[in-house]
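Reviewing the structure listed below.
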Amino acid sequence: MIAVRGLRLAISGQPILHGLDFGIAAGEVFGLVGESGSGKSLTALALLGLLPEGAQVSGRALFEGRDLLAMTEAELCAVRGAGIGLISQEPMTALNPVMTIGDQVAETLIVHGAARPRAARRIAAERLARVGLPPGRIDPGRYPHELSGGQRQRVAIAAAIAMRPRLLIADEPTTALDVTIQAQILALLGGLVREEGMGLLLITHDLAVVAGMARRIAVMQAGRIVEEGAAEAVFRARRHPYTRALIAASAHVPARRPLPPGEVLLTVEGAAVDYRLPRRHPFARAPRFRALDRVSLRLRAGESLGIVGESGAGKSTLARAILGLEPLTAGAIRLAGRPVRAGDPRMQAVFQDPYGSFDPRLPVGRSLAEPFHALGPSRPRDGSARVAEALAEVGLKPGDATRFIHEFSGGQRQRLAIARALIARPRLILLDEPVSALDVSVRARILDLLAGLQARHSLSYLFITHDLTVVRAITDRVAVMQGGRIVEEGPTAEVLARPRHDYTRSLVASAPAIPGDWTARSAHA
Amino acid sequence: MPGYLASRLLSLILSLAVASLVIFAVIEVIPGDPAAFMLGLNARPDTVAALRAELGLEGTRPQRYLAWVGGMLTGDLGVSYTYRVPVAKLVADRLEVSLPLALMALALSTAIALPVGVFAAARRGRAADRLAMGLAQIGIALPNFWFAMLLALVFAVNLRWVSAGGFPGWEAGLLPALKALTLPAVALALPQAAILTRILRSSLIETLGQDYIRTARARGLSRGQALRRHALRNALIPVLTILGLQFAFLIAGAIVIERVFFLPGLGRLIFEGITQRDLIVVESVTMLLVATVIVVNFLVDLAYVWADPRLRRR
């Protein structure tokens, strides 16, 4: 149905795509996998003629016999939305905030002249019902901000399929969603492909997602397709070294020896946090929302505890409470016997986005030395030596201290954030989604680094994440949170293999996985 | 939505109360006796006493404040000392000129800024955009009285389409009155339109970079459709803020233009009140202008709710 031949792209003279060849048949799911910067998303935009200014494209992209790359703007407008639909990554920003969801779906039909407004709204309601938002439950007259992330992605899908396009391009459609929602959206996309006979170009960095969805996959690296074939064959054969590295990294488990249990370092007893909500009217008492509901847990020296749960489960509130940044409504949190306080050097944190936590105008060495200020008079005299030592610990060079944060890659920035946490010689490091924004190969190396540091300094880790593969790779015990409570806790392997709570069970079942026998070591091809 | 409305209404009432207290206090702390100040050095004591009574300077401060506020609420703004007519009547006469003038200028500046701003944003970086922005820069830099004199020179002196100044009054008929207000309205509108154009353009350009615009384009909307149907309303929110501020300025700040065209407007009334030391006029008209600004801001808040459904949740 679509055949791409020799697709090349350069933006402002900088070559991005170096001649891509692939084809997708009707009713087929085609997975395009690669790391950030490989050119996956730009491939999708090139097909739709939505590239940024200064882009030069060459090659051919025959869609139902007509070359998309040779079309005029008016011809492309007629194809976009009608022949080819696009679903993008960010459901939170992909919808117009001041337009009702029903109108946004109906608009696709109206601009293509497929229906008059009244009929378009009726069809829109049908399409919304098809993606799981029946008018009885979610009124088409509602606005995007009144919906959850998963619901918004369903609206975006309804708008993309309103004209029943023959090809659907989904660019990281579930990356921003929780794992159970991801499973539902993937099931919805799979159902649409089967029922409507659409072709689906599924663009993702997540090998497990394509393994479960795609019939054929192409692996992209630096603007080239390095390997292409039937999904199972690509996973089993792994002809190209990059494919091998990618598959190995995604299943990477750092070598860890569980340490002998040390003394209890952190105790959380019946901790509760309430947030005030906006008042209904000026004289009303502000209603309260219980974000953390009587949570108790213990962490021993040298131990890693994973905290998993979906957005809104209270993970980040718990993290802030442990760091002493959130006053408790009830309960107590103690570090080595004493109540936690903000700025305690024995406790450090590493967050998902290290770029935002470094001052862009300071050399990183200055930012790294910042925890020393919390030490007050006991600040070490050998400050710069300690900075150099910390940089060496995380695999960077002492000379990097004089560089600025924007000069580092994503993985290096996360190493810097870890160095900053180490510099005060803490006993507990709180890691909030530290590898979620990283490509799989970088993620594997950061996990190795964390495992090594833990063994060397008998650090305790509190690992907050929504990603079960990370939990499996690096934690000894795991606590599952839902609605502000811990619903299940135990040794990681046991909880993930035999979940007892319904919620944990659905979490484990929803996590996409590459079938075990596809990646078995015995596969020689 | 009811919560948002109630909180805006409460803030409206509080602002009015605070403003009235401040204006009252300022008149109170002016050293010396206002009556003696108004009458000058050679006034006879009995004249001063009579004026004191007339000004409502008898009684305690709270009594006087309440009498003043109560008077304003019932439409009694006192009697002007210099004009010897009720201030309410003076203000009403002047508003007959100032209000239509402000509305005309506002409508005109919006009518210029909306298409030019949209046009410039849609052609960002190209010659048309640069030309529009260059003109806007000139419009902001040049004072409005310069435009006023230029317009008077061209259209009144040379072409003789309209008279160079004065206001015949609405009794003279709708057309002559509107004709007299046209040049001043254009002079007032041009710099405002220049500011508004720039705000609208930059707001639109920011909105056009949003994800939902790309989504809309991917659904088959042309560049222009995406701009009209999706970007414009989202870009309007900062524009509304500026519109509110401009209207408040136009009501009272047209004094220079009023002088150029010899218009009996509100700005001139305040100016004359100050030069003639007519504190009754100054106090009441100041309060009235402050109230206008506050009420216009309240209306802008309501317009936000129309433009942005996310505010309706609260």
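Scheme for the structure tokens: letters A, B, ... for chains in order shown; per-chain residue numbers from 1; ligand numbers from 1 in order shown.
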
Interface list for chain B, partner chain A, 12 Å threshold, only C-alpha atoms, as a ChimeraX atom specification: /B:1-11,124-125,207-227,229-237,304-314

Pick out the residues sitting within 9 Å of Met1 (chain A), and hand them over as a PyMOL selection string; count only C-alpha atoms, and ignore anything fewer than 2 positions along from it in its own chain. chain A and resi 3+23-26+62-65+166-167+199

Exercise: region 7-9 of chain A partners within 7 Å, only C-alpha atoms, chain neighbours under 6 positions left out, as a VMD selection string: chain A and resid 15 to 21 55 to 60

Report, in Å with one decimal, the straight-line distance from CA of Leu299 (chain B) to CA of Leu12 (chain B).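 Computing the Euclidean distance for CA of Leu299 (chain B) and CA of Leu12 (chain B) yields 10.2 Å.
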
Find the spatial neighbours of region 39-46 of chain B, counting only C-alpha atoms, within a cut-off of 12 Å - ignore same-chain residues fewer than 6 positions away - and output them as a ChimeraX atom specification. /B:32-33,52-53,81-82,276-279

Could you please take those selected residues and save C-alpha atoms as a CSV table (one decimal), in the first residue's frame?
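See part36.csv below for the written result:
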chain,number,residue,atom,x,y,z
B,32,GLY,CA,-4.2,72.7,54.8
B,33,ASP,CA,-7.9,73.4,54.4
B,52,ARG,CA,-16.5,73.9,53.7
B,53,ALA,CA,-20.1,73.1,54.3
B,81,TYR,CA,-17.2,74.7,42.7
B,82,THR,CA,-16.0,76.3,39.5
B,276,GLN,CA,-8.8,75.3,38.8
B,277,ARG,CA,-8.3,73.5,42.2
B,278,ASP,CA,-11.8,72.1,41.9
B,279,LEU,CA,-11.2,69.2,44.3

Quick one: everything within 7 Å of region 332-339 of chain A, counting only C-alpha atoms, minus sequence neighbours fewer than 5 positions away in the same chain. Send it as a ChimeraX atom specification. /A:265-271,322

Just to be explicit: take each residue in the selection above, keep all heavy atoms, and write the result as a PDB file, in the first residue's frame.
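Just written: selection.pdb:
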ATOM      1  N   LEU A 265      17.962   1.486  58.022  1.00  0.00           N
ATOM      2  CA  LEU A 265      18.428   2.857  57.814  1.00  0.00           C
ATOM      3  C   LEU A 265      17.254   3.828  57.809  1.00  0.00           C
ATOM      4  O   LEU A 265      17.274   4.866  58.455  1.00  0.00           O
ATOM      5  CB  LEU A 265      19.177   2.928  56.481  1.00  0.00           C
ATOM      6  CG  LEU A 265      19.758   4.285  56.125  1.00  0.00           C
ATOM      7  CD1 LEU A 265      20.842   4.677  57.096  1.00  0.00           C
ATOM      8  CD2 LEU A 265      20.316   4.257  54.704  1.00  0.00           C
ATOM      9  N   LEU A 266      16.218   3.460  57.054  1.00  0.00           N
ATOM     10  CA  LEU A 266      15.085   4.376  56.891  1.00  0.00           C
ATOM     11  C   LEU A 266      13.812   3.677  57.352  1.00  0.00           C
ATOM     12  O   LEU A 266      13.564   2.534  56.977  1.00  0.00           O
ATOM     13  CB  LEU A 266      14.964   4.753  55.408  1.00  0.00           C
ATOM     14  CG  LEU A 266      13.784   5.648  55.042  1.00  0.00           C
ATOM     15  CD1 LEU A 266      14.078   7.091  55.379  1.00  0.00           C
ATOM     16  CD2 LEU A 266      13.452   5.528  53.563  1.00  0.00           C
ATOM     17  N   THR A 267      13.035   4.349  58.193  1.00  0.00           N
ATOM     18  CA  THR A 267      11.724   3.797  58.549  1.00  0.00           C
ATOM     19  C   THR A 267      10.660   4.841  58.237  1.00  0.00           C
ATOM     20  O   THR A 267      10.802   6.011  58.573  1.00  0.00           O
ATOM     21  CB  THR A 267      11.621   3.456  60.056  1.00  0.00           C
ATOM     22  OG1 THR A 267      12.004   4.607  60.792  1.00  0.00           O
ATOM     23  CG2 THR A 267      12.465   2.273  60.435  1.00  0.00           C
ATOM     24  N   VAL A 268       9.631   4.374  57.573  1.00  0.00           N
ATOM     25  CA  VAL A 268       8.464   5.216  57.307  1.00  0.00           C
ATOM     26  C   VAL A 268       7.307   4.557  58.047  1.00  0.00           C
ATOM     27  O   VAL A 268       7.026   3.380  57.830  1.00  0.00           O
ATOM     28  CB  VAL A 268       8.173   5.289  55.792  1.00  0.00           C
ATOM     29  CG1 VAL A 268       6.932   6.133  55.528  1.00  0.00           C
ATOM     30  CG2 VAL A 268       9.367   5.843  55.042  1.00  0.00           C
ATOM     31  N   GLU A 269       6.685   5.304  58.972  1.00  0.00           N
ATOM     32  CA  GLU A 269       5.616   4.710  59.777  1.00  0.00           C
ATOM     33  C   GLU A 269       4.333   5.496  59.616  1.00  0.00           C
ATOM     34  O   GLU A 269       4.234   6.648  60.050  1.00  0.00           O
ATOM     35  CB  GLU A 269       6.014   4.706  61.264  1.00  0.00           C
ATOM     36  CG  GLU A 269       6.884   3.534  61.634  1.00  0.00           C
ATOM     37  CD  GLU A 269       7.471   3.703  63.024  1.00  0.00           C
ATOM     38  OE1 GLU A 269       6.884   4.460  63.834  1.00  0.00           O
ATOM     39  OE2 GLU A 269       8.529   3.098  63.285  1.00  0.00           O
ATOM     40  N   GLY A 270       3.370   4.882  58.994  1.00  0.00           N
ATOM     41  CA  GLY A 270       2.034   5.486  58.880  1.00  0.00           C
ATOM     42  C   GLY A 270       2.038   6.889  58.309  1.00  0.00           C
ATOM     43  O   GLY A 270       1.252   7.741  58.712  1.00  0.00           O
ATOM     44  N   ALA A 271       2.938   7.137  57.326  1.00  0.00           N
ATOM     45  CA  ALA A 271       3.069   8.495  56.790  1.00  0.00           C
ATOM     46  C   ALA A 271       1.853   8.857  55.941  1.00  0.00           C
ATOM     47  O   ALA A 271       1.425   8.078  55.096  1.00  0.00           O
ATOM     48  CB  ALA A 271       4.343   8.615  55.970  1.00  0.00           C
ATOM     49  N   ILE A 322       9.998  11.733  52.148  1.00  0.00           N
ATOM     50  CA  ILE A 322      11.220  11.136  52.684  1.00  0.00           C
ATOM     51  C   ILE A 322      12.359  12.153  52.665  1.00  0.00           C
ATOM     52  O   ILE A 322      13.172  12.225  53.589  1.00  0.00           O
ATOM     53  CB  ILE A 322      11.591   9.861  51.890  1.00  0.00           C
ATOM     54  CG1 ILE A 322      10.566   8.754  52.193  1.00  0.00           C
ATOM     55  CG2 ILE A 322      12.990   9.392  52.227  1.00  0.00           C
ATOM     56  CD1 ILE A 322      10.716   7.523  51.342  1.00  0.00           C
TER      57      ILE A 322
END

Distance criterion (only C-alpha atoms): nearest to Gly273 (chain B) out of B:Val91, B:Ala50, B:Ser163, B:Leu57: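 That would be B:Val91, the residue with the smallest distance to Gly273 (chain B).
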
Interatomic distance, CA of Thr504 (chain A) to CA of Ser311 (chain A) (Å, one decimal): 14.6 Å

Can you tell me, as a count of residues only, what residues are no more than 8 Å from Leu430 (chain A) when counting only C-alpha atoms, ignoring any on the same chain fewer than 2 positions away? 11

Here is a test: counting only C-alpha atoms, which residue of A:Leu188, A:Ala419, A:Val210, A:Leu246 is nearest to Ala513 (chain A)?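 Ranked by minimum distance to Ala513 (chain A), first place goes to A:Val210.
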
Which residue out of B:Phe261, B:Leu200, B:Asn144, B:Glu96 has the minimum interatomic distance to Val162 (chain B) when only C-alpha atoms are used? B:Phe261

Would you return as number ranges by chain the members of region 65-134 of chain B that DSSP assigns to alpha helix (DSSP H) on this structure's backbone? B: 65-73, 87-122, 127-134

Hey, can you check how far CA of Ser436 (chain A) sits from CA of Glu370 (chain A)? 25.1 Å

I'd like to know which of B:Arg130, B:Arg198, B:Arg123, B:Arg259 is closest to Gly166 (chain B), using only C-alpha atoms.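 Checking each candidate against Gly166 (chain B), we get B:Arg259 as the closest.
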
Skip Ala111 (chain B) itself and residues of its chain fewer than 2 positions away, then list as a ChimeraX atom specification all residues within 12 Å of it, counting only C-alpha atoms. /B:103-109,113-118,186,189-190,192-194,196-197

How would you write, as number ranges by chain, the set of residues in region 282-442 of chain A that DSSP gives as strand (DSSP E)? A: 288-300, 304-308, 330-335, 338-339, 347-350, 428-432

Give the answer as one residue: which of B:Ala127, B:Ala35, B:Leu183, B:Trp161 has the shortest atom-to-atom distance to Phe147 (chain B), using only C-alpha atoms?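 Checking each of B:Ala127, B:Ala35, B:Leu183, B:Trp161 against Phe147 (chain B), counting only C-alpha atoms, the winner is B:Leu183.
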